[in-house]
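A short write-up of the structure that comes next.
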Amino acid sequence: MDDEQMKLDAVDDKLINDAFERLINDYLNSRHRKKVDLITKAFNFARQAHKGVRRLSGEPYIMHPIAVAQIVCSEIGLGSTSICAALLHDVVEDTDYTVEDIENMFGPKIAQIVDGLTKISGGIFGEQASAQAENFKKLLLTMSEDIRVILIKIADRLHNMRTLDSQPANKQYKIAGETLYLYAPVAHRLGLYKIKSELENLSFKFEHPEEYAFIEKKLEETRVSRHESFDQFIAPIKDVLHKMGIEYEIRERVKTPYSIWNKMQKKHVTFDEIYDILAVRIIFTPKVREEEINECFNIYVALTKIYKSHPDRTRDWLSHPKANGYQALHVTLMSKQGHWIEVQIRSDRMNEIAEQGLAAHWKYKDGAEGEITEDENELNEWLRTIKEILDDPQPDAMDFLDAIKLNLFASEIFVFTPKGEIKTMPADCTVLDFAFSIHTFLGSHCIGAKVNHKLVPMSHRLKSGDQVEILTSKSHHVQPSWINFVSTAKAKAKIQAILRRSSREIQKKGEDRLHAWLKKNGFEPTLSVIDRLCKFHDVSRRELLFQAIGDNVILLGEKDVDELKGRHAKKPENGGGWRKFVPFVKAKKPEEEVAKPELFVVSKDFNRKKPIYINEDNIRQYIFADCCHPIPGDDTLGYIDNNNCIELHKRTCLVANKLKASYGNRILDVKWDMHKKLFFDATIRLAGIDRRGLVNEVTRVISNQLSVDIRKLTFTTEDGIFDGTIDLRVHDRDDVREIIDSLKEVDDLKEISQIM
C-alpha cells in the first residue's frame with residue numbers, strides 16, 4: 001500500500017511540477033519584471049496548504065490554482081502580483097490560514113486581492129436570489145478597489161468551466177447559467193474577447209449539448225471548403241501586402257458554435273443560411289508605431305482595389321475605440337465566389353488589447369505598491385459608475401442585479417457635448433440618461449434637450465454622432481414616471497434614490513400633519529387610530545397614508561372625525577387625479593369671400609423689367625402660391641405662368657429657386673404698397689417645455705396685447721415637451737415679427753418660427 005501511495009505521489013508531483021514549470025516559463029517570456037522567487041514562494045505555500053486535497057476530477061487541488069495563475073499570466077497578461085494572488089486565491093477560504101498570514105508573508109497588495117477573492121468565493125449565485133445579488137454586490141465593491149480581483153475571478157471561472165465535465169448535470173446547468181448571465185458580459189466589458197467567447201461557448205456546450213454537437217458537426221463538415229475559400233480569398237491580399245513591405249500575419253477566424261446558434265435563434269435561420277461564419281484577421285507590425293492608424297487605412301485602401309467593399313458594413317474603431325479599449329478597422333468584402341467576408345485589420349498592439357483586454361493597456365508594476373503604470377480612463381469611468389450605483393443602497397437586491405446587468409455595455413454610441421467633447425454612452429440611451437451621466441443635478445432638473453439644435457423631450461433616444469445640449473429648470477424635479485425614460489443603471493439608481501429621499505420627506509411631512517390634526521381634534525396618534533384612517537381611505541400601509549397626506553392627495557376633515565368617533569361616515573370618493581385643462585380658442589368665422597376679379601394677364605408689350613406694385617386695389621388680380629404663402633412685407637417675386645397670369649412666391653421659396661433657374665425670363669420683381677387694411681393668413685410654430693397655464697399665456701399675448709385674431713390652435717405634448725402651431729390673421733410681415741418678439745418673453749417657449 002505504501003509503495004502504491006508513493007507511486008501515486010510521484011505521479012502527482014510530476015504533474016504539479018510540470019504545470020508550475022510551464023507557468024514560470026510563460027512568465028519569464030512575458031514583459032513583466034522577473035519575480036520568480038516571489039511566485040515560487042506563493043506556489044510552495046499554496047501547495048503545502050492544499051496538500052492531500054483533491055478535486056472532483058481526482059487531480060490534486062493545487063492544479064486548480066496553478067491553472068488559474070496560468071490563465072492570468074498567459075491569457076490575460078498580468079504580472080507577479082496577480083499570479084501570486086491567483087496561486088493563493090483559495091487558501092484563506094479552504095484552509096486555516098488568514099488574510100493576516102498572507103499579508104505577513106506576501107505584503108498588503110497581494111493580501112488585499114486574496115481578501116477580495118475570498119469575499120466573493122462560492123460563486124455569485126447562491127441558494128436564493130437575494131444572496132446571489134448580495135454576492136455580486138460584494139464582487140463589484142471589491143472590483144472597484146482593485147480590478148485585478150475581477151480579472152482573477154474571471155480566470156478562476158474560465159478554469160472551472162473548462163473542467164466542468166466532472167460536475168453533476170444539475171451543477172453544470174447552474175454554473176453554465178451564471179457564467180452566461182454575468183461572467184461573460186463582465187469579460188466582454190473588460191475587453192477580454194477571447195475569454196468571453198470561450199465562456200459563452202462552454203456555457204452553450206453544457207446547457208444545450210445536442211445543439212452544440214450539431215453545430216460542431218456542421219463546422220467540421222464545412223471545414224475543407226471553408227479552408228479553400230480562405231486560401232483563395234487571401235492569395236491576392238498576401239501579394240499586395242508583400243509589395244507594400246508590410247510585416248503581417250493573416251488568421252482565419254471562424255464563428256463560435258454559441259455565436260452561430262445565437263444568430264440562428266435571433267434571425268430564425270438554419271445553419272446553411274448563415275454566411276458570415278468565416279472572417280479574416282490581418283495583424284500587422286507597423287513600421288512606425290505612431291502611424292499605425294494610418295497604416296490600417298492604407299491596408300484598407302489596398303484591399304478595396306482587389307475586392308468590392310460593402311458600403312454599410314465598414315466599422316471604424318480606430319479613431320474612437322470601444323469603451324473597453326477595442327481598436328480595429330472592420331470591412332466586409334465580396335469574394336470571387338460571391339460571398340461577403342469580413343476582414344478585421346489591426347496592429348499587433350491592437351490585437352493584444354483585443355485578446356487580453358484592457359489589461360494589455362495597464363501593465364501593473366510588480367512592486368509592493370502594485371501601482372498602475374498606464375492610464376486607464378475608460379475603465380475608471382466604468383468603475384466610477386458602479387461605485388455611484390453602490391453608493392445608493394437598493395431596497396430590492398434583484399433590482400440592483402438587473403441594473404448592473406443592464407449596464408454591462410454590450411454596445412456603445414458616441415455622443416458630443418455642446419463644446420464638442422465626446423462621451424461614450426450605451427446604445428439605446430435617452431437624453432435623460434445622458435444628463436445623469438454628466439451630473440446628478442443636470443439629470444434631476446432636466447426638462448429636455450436640444451439634439452443637433454432641435455428641441456426634443458427627455459425620453460428621446462440618442463444616436464451615435466448626436467450633439468446634445470441639456471436644458472434644465474430649477475423648478476423641475478424628478479418624477480416617478482422618469483424611470484420609464486432611462487435605460488442605464490446609473491440613471492435608474494439616481495432616480496430611485498432621489499424618489500426615495502423625496503418620498504421620505506413627504507411621508508415625514510404627512511406624518512407631522514396627521515399628528516397635528518389628531519391632536520387638534522382630541523385624538524391620540526396611536527397605531528390603531530392611524531390604521532382606522534388607512535382602512536377608511538382604502539390605503540394598505542401607514543407609510544402610504546402619510547405620503548398621501550403629505551402630497552395633499554388626502555385632505556383630513558369632518559368625515560375623518562366622524563369615522564374616528566364611530567359615526568361611520570361615508571367613504572370619500574376617489575379623486576379623478578390631476579387633469580390638465582387646455583383652453584379652447586374658438587376660431588373666428590372667416591370673412592365672406594369677396595367675388596374675385598379677373599386675374600391680370602401679361603400682354604405681349606408688358607415691360608418685364610419694371611417692378612409690379614401690389615396694393616389693396618389690385619391684389620386679387622395675382623395668384624398667391626400655396627407653397628410659401630407670401631404676405632406683405634415678404635421679399636417676393638412674380639412668375640409668369642403658362643396662362644400668362646402672375647404667381648407670387650417668396651424669394652426664399654424652394655419652388656421659386658427652381659423657377660429662377662429654369663425660367664429666368666418669366667421672373668418679375670414685386671413691390672408691396674399695402675396700408676394695413678387687409679388680413680392675411682400666417683402660421684407660427686411653437687415648441688417648448690409643457691406646463692400648466694402656458695397656452696393661456698400664449699393666447700393672452702396674441703389676442704389681448706396685440707389684438708390679433710387666432711383662427712386655429714393645435715398643440716401636442718410628449719413627455720413634457722410640447723409642439724404647436726397657431727394660425728393667425730395678420731396685416732403683414734411686421735405683425736408676425738411683433739408677435740414672435742412678444743412670444744419670446746413667455747417662459748418655457750424655446751423655439752418660435754413662422755411656417756412657410
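Please note that chains go A, B, ... in the order of the C-alpha cells, that every chain numbers its residues from 1, and that ligands are numbered from 1 in the order shown.
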inquiry  = Would you pick out the contacts of segment 267-282 of chain A at 6 Å or less, using only C-alpha atoms, so that residues sharing its chain but fewer than 5 positions from it are not included, and give the list as a list in words?
reply    =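 Here the answer would be Glu249, Ile250, Arg251, Glu252, Arg253, Val254, Lys255, Ile341, Glu342, Val343, Gln344 and Ile345 of chain A.
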Go ahead and save the picked residues with N, CA and C atoms, as a compact mmCIF listing (two decimals), in the first residue's frame.
# COMPACT_ATOMS: atom_id res chain seq x y z
N GLU A 249 0.51 39.02 -40.39
CA GLU A 249 0.05 37.64 -40.19
C GLU A 249 -1.43 37.64 -40.54
N ILE A 250 -1.88 36.65 -41.30
CA ILE A 250 -3.30 36.54 -41.63
C ILE A 250 -3.87 35.31 -40.95
N ARG A 251 -4.96 35.51 -40.19
CA ARG A 251 -5.58 34.39 -39.48
C ARG A 251 -7.01 34.17 -39.96
N GLU A 252 -7.38 32.93 -39.93
CA GLU A 252 -8.76 32.55 -40.26
C GLU A 252 -9.56 32.56 -38.95
N ARG A 253 -10.63 33.35 -38.92
CA ARG A 253 -11.47 33.37 -37.72
C ARG A 253 -12.82 32.76 -38.04
N VAL A 254 -13.18 31.74 -37.28
CA VAL A 254 -14.46 31.05 -37.50
C VAL A 254 -15.39 31.38 -36.35
N LYS A 255 -16.62 31.68 -36.67
CA LYS A 255 -17.63 31.95 -35.63
C LYS A 255 -17.71 30.78 -34.66
N ILE A 341 -17.27 38.56 -46.98
CA ILE A 341 -16.34 38.10 -45.93
C ILE A 341 -15.83 39.32 -45.16
N GLU A 342 -15.96 39.25 -43.83
CA GLU A 342 -15.48 40.35 -43.00
C GLU A 342 -13.97 40.24 -42.81
N VAL A 343 -13.29 41.39 -42.99
CA VAL A 343 -11.84 41.45 -42.75
C VAL A 343 -11.59 42.43 -41.61
N GLN A 344 -10.87 41.97 -40.60
CA GLN A 344 -10.51 42.82 -39.46
C GLN A 344 -9.04 43.20 -39.59
N ILE A 345 -8.79 44.50 -39.63
CA ILE A 345 -7.41 44.99 -39.77
C ILE A 345 -7.00 45.62 -38.44
message = Would you pick out the contacts of segment 603-614 of chain A at 12 Å or less, using only C-alpha atoms, so that residues sharing its chain but fewer than 5 positions from it are not included, and give the list as a ChimeraX atom specification?
response = /A:619-624,631-633,636-640,643-648,664-675
Report as CSV the residues of segment 36-81 of chain A within 8 Å of segment 145-156 of chain A, each with its shortest atom pair and distance in Å (one decimal), using only C-alpha atoms, ordered by chain and increasing residue number.
residue,atom,partner,partner_atom,distance
A:Val68,CA,A:Asp156,CA,5.4
A:Ala69,CA,A:Ala155,CA,7.9
A:Ile71,CA,A:Ala155,CA,5.9
A:Val72,CA,A:Ala155,CA,6.2
A:Ile76,CA,A:Leu151,CA,7.8
Just the selected residues (N, CA and C atoms), exported as a PDB file, in the first residue's frame, please.
ATOM      1  N   VAL A  68      -5.318  28.563 -12.836  1.00  0.00           N
ATOM      2  CA  VAL A  68      -5.847  29.936 -12.791  1.00  0.00           C
ATOM      3  C   VAL A  68      -4.701  30.928 -12.978  1.00  0.00           C
ATOM      4  N   ALA A  69      -3.575  30.674 -12.304  1.00  0.00           N
ATOM      5  CA  ALA A  69      -2.402  31.545 -12.450  1.00  0.00           C
ATOM      6  C   ALA A  69      -1.898  31.528 -13.896  1.00  0.00           C
ATOM      7  N   ILE A  71      -3.727  31.100 -16.623  1.00  0.00           N
ATOM      8  CA  ILE A  71      -4.655  31.938 -17.414  1.00  0.00           C
ATOM      9  C   ILE A  71      -4.346  33.416 -17.168  1.00  0.00           C
ATOM     10  N   VAL A  72      -4.150  33.769 -15.888  1.00  0.00           N
ATOM     11  CA  VAL A  72      -3.849  35.155 -15.511  1.00  0.00           C
ATOM     12  C   VAL A  72      -2.581  35.631 -16.208  1.00  0.00           C
ATOM     13  N   ILE A  76      -4.399  36.633 -19.911  1.00  0.00           N
ATOM     14  CA  ILE A  76      -4.815  37.990 -19.550  1.00  0.00           C
ATOM     15  C   ILE A  76      -3.609  38.921 -19.525  1.00  0.00           C
TER      16      ILE A  76
END
Residue set, segment 466-715 of chain A restricted to helix (DSSP H, G or I), as a count of residues only = 91
Go through segment 439-557 of chain A residue by residue and, counting only C-alpha atoms, keep those with an atom at most 12 Å from segment 690-710 of chain A; for each kept residue give the shortest atom pair and its distance in Å to one decimal, ordered by chain and increasing number, as CSV.
residue,atom,partner,partner_atom,distance
A:Ile447,CA,A:Asp690,CA,9.1
A:Gly448,CA,A:Asp690,CA,10.3
A:Val456,CA,A:Asp690,CA,11.9
A:Pro457,CA,A:Asp690,CA,10.1
A:Ser473,CA,A:Arg691,CA,11.9
A:Ser475,CA,A:Arg691,CA,11.1
A:His476,CA,A:Arg691,CA,10.3
For the residues selected in the previous step, produce a file with N, CA and C atoms as a PDB file, in the first residue's frame.
ATOM      1  N   ILE A 447     -35.303  69.144 -18.318  1.00  0.00           N
ATOM      2  CA  ILE A 447     -36.650  69.352 -18.877  1.00  0.00           C
ATOM      3  C   ILE A 447     -36.709  68.957 -20.352  1.00  0.00           C
ATOM      4  N   GLY A 448     -35.559  68.578 -20.891  1.00  0.00           N
ATOM      5  CA  GLY A 448     -35.490  68.211 -22.295  1.00  0.00           C
ATOM      6  C   GLY A 448     -34.088  68.507 -22.800  1.00  0.00           C
ATOM      7  N   VAL A 456     -35.995  68.396 -28.211  1.00  0.00           N
ATOM      8  CA  VAL A 456     -36.542  67.040 -28.055  1.00  0.00           C
ATOM      9  C   VAL A 456     -36.887  66.801 -26.584  1.00  0.00           C
ATOM     10  N   PRO A 457     -37.809  65.849 -26.302  1.00  0.00           N
ATOM     11  CA  PRO A 457     -38.123  65.524 -24.905  1.00  0.00           C
ATOM     12  C   PRO A 457     -37.018  64.700 -24.263  1.00  0.00           C
ATOM     13  N   SER A 473     -34.294  73.236 -15.544  1.00  0.00           N
ATOM     14  CA  SER A 473     -35.077  74.237 -14.826  1.00  0.00           C
ATOM     15  C   SER A 473     -35.030  73.886 -13.345  1.00  0.00           C
ATOM     16  N   SER A 475     -36.988  74.638 -11.109  1.00  0.00           N
ATOM     17  CA  SER A 475     -38.319  74.312 -10.578  1.00  0.00           C
ATOM     18  C   SER A 475     -38.782  72.916 -10.990  1.00  0.00           C
ATOM     19  N   HIS A 476     -38.019  72.271 -11.844  1.00  0.00           N
ATOM     20  CA  HIS A 476     -38.377  70.944 -12.352  1.00  0.00           C
ATOM     21  C   HIS A 476     -37.688  69.880 -11.508  1.00  0.00           C
TER      22      HIS A 476
END
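Near Pro321 of chain A, within 12 Å and counting only C-alpha atoms, sit Gly191, Ile293, Arg315, Gln327, Ala328, Leu329, Arg346, Met350, Ile353, Ala354, Leu358, Glu378, Ser411, Glu412, Ile413, Phe414, Ile422, Lys423 and Thr424 of chain A, not including residues fewer than 6 positions from it in the same chain.
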Residues from last step as file, C-alpha atoms, as a PDB file, in the first residue's frame:
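Output file out33.pdb follows:
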ATOM      1  CA  GLY A 191     -12.313  43.675 -23.447  1.00  0.00           C
ATOM      2  CA  ILE A 293      -3.821  54.029 -37.627  1.00  0.00           C
ATOM      3  CA  ARG A 315     -16.738  49.757 -38.834  1.00  0.00           C
ATOM      4  CA  GLN A 327      -9.416  49.141 -31.664  1.00  0.00           C
ATOM      5  CA  ALA A 328      -9.625  47.815 -35.220  1.00  0.00           C
ATOM      6  CA  LEU A 329     -10.941  48.534 -38.693  1.00  0.00           C
ATOM      7  CA  ARG A 346      -5.436  45.655 -36.592  1.00  0.00           C
ATOM      8  CA  MET A 350      -4.449  46.414 -31.040  1.00  0.00           C
ATOM      9  CA  ILE A 353      -5.660  44.556 -26.414  1.00  0.00           C
ATOM     10  CA  ALA A 354      -8.375  42.608 -28.253  1.00  0.00           C
ATOM     11  CA  LEU A 358      -7.693  46.486 -21.052  1.00  0.00           C
ATOM     12  CA  GLU A 378     -12.240  54.241 -19.773  1.00  0.00           C
ATOM     13  CA  SER A 411     -22.517  48.200 -27.454  1.00  0.00           C
ATOM     14  CA  GLU A 412     -21.760  51.897 -27.302  1.00  0.00           C
ATOM     15  CA  ILE A 413     -22.522  55.093 -29.149  1.00  0.00           C
ATOM     16  CA  PHE A 414     -20.524  58.319 -29.248  1.00  0.00           C
ATOM     17  CA  ILE A 422     -17.023  63.008 -26.929  1.00  0.00           C
ATOM     18  CA  LYS A 423     -18.940  60.964 -24.352  1.00  0.00           C
ATOM     19  CA  THR A 424     -19.338  57.194 -24.656  1.00  0.00           C
TER      20      THR A 424
END
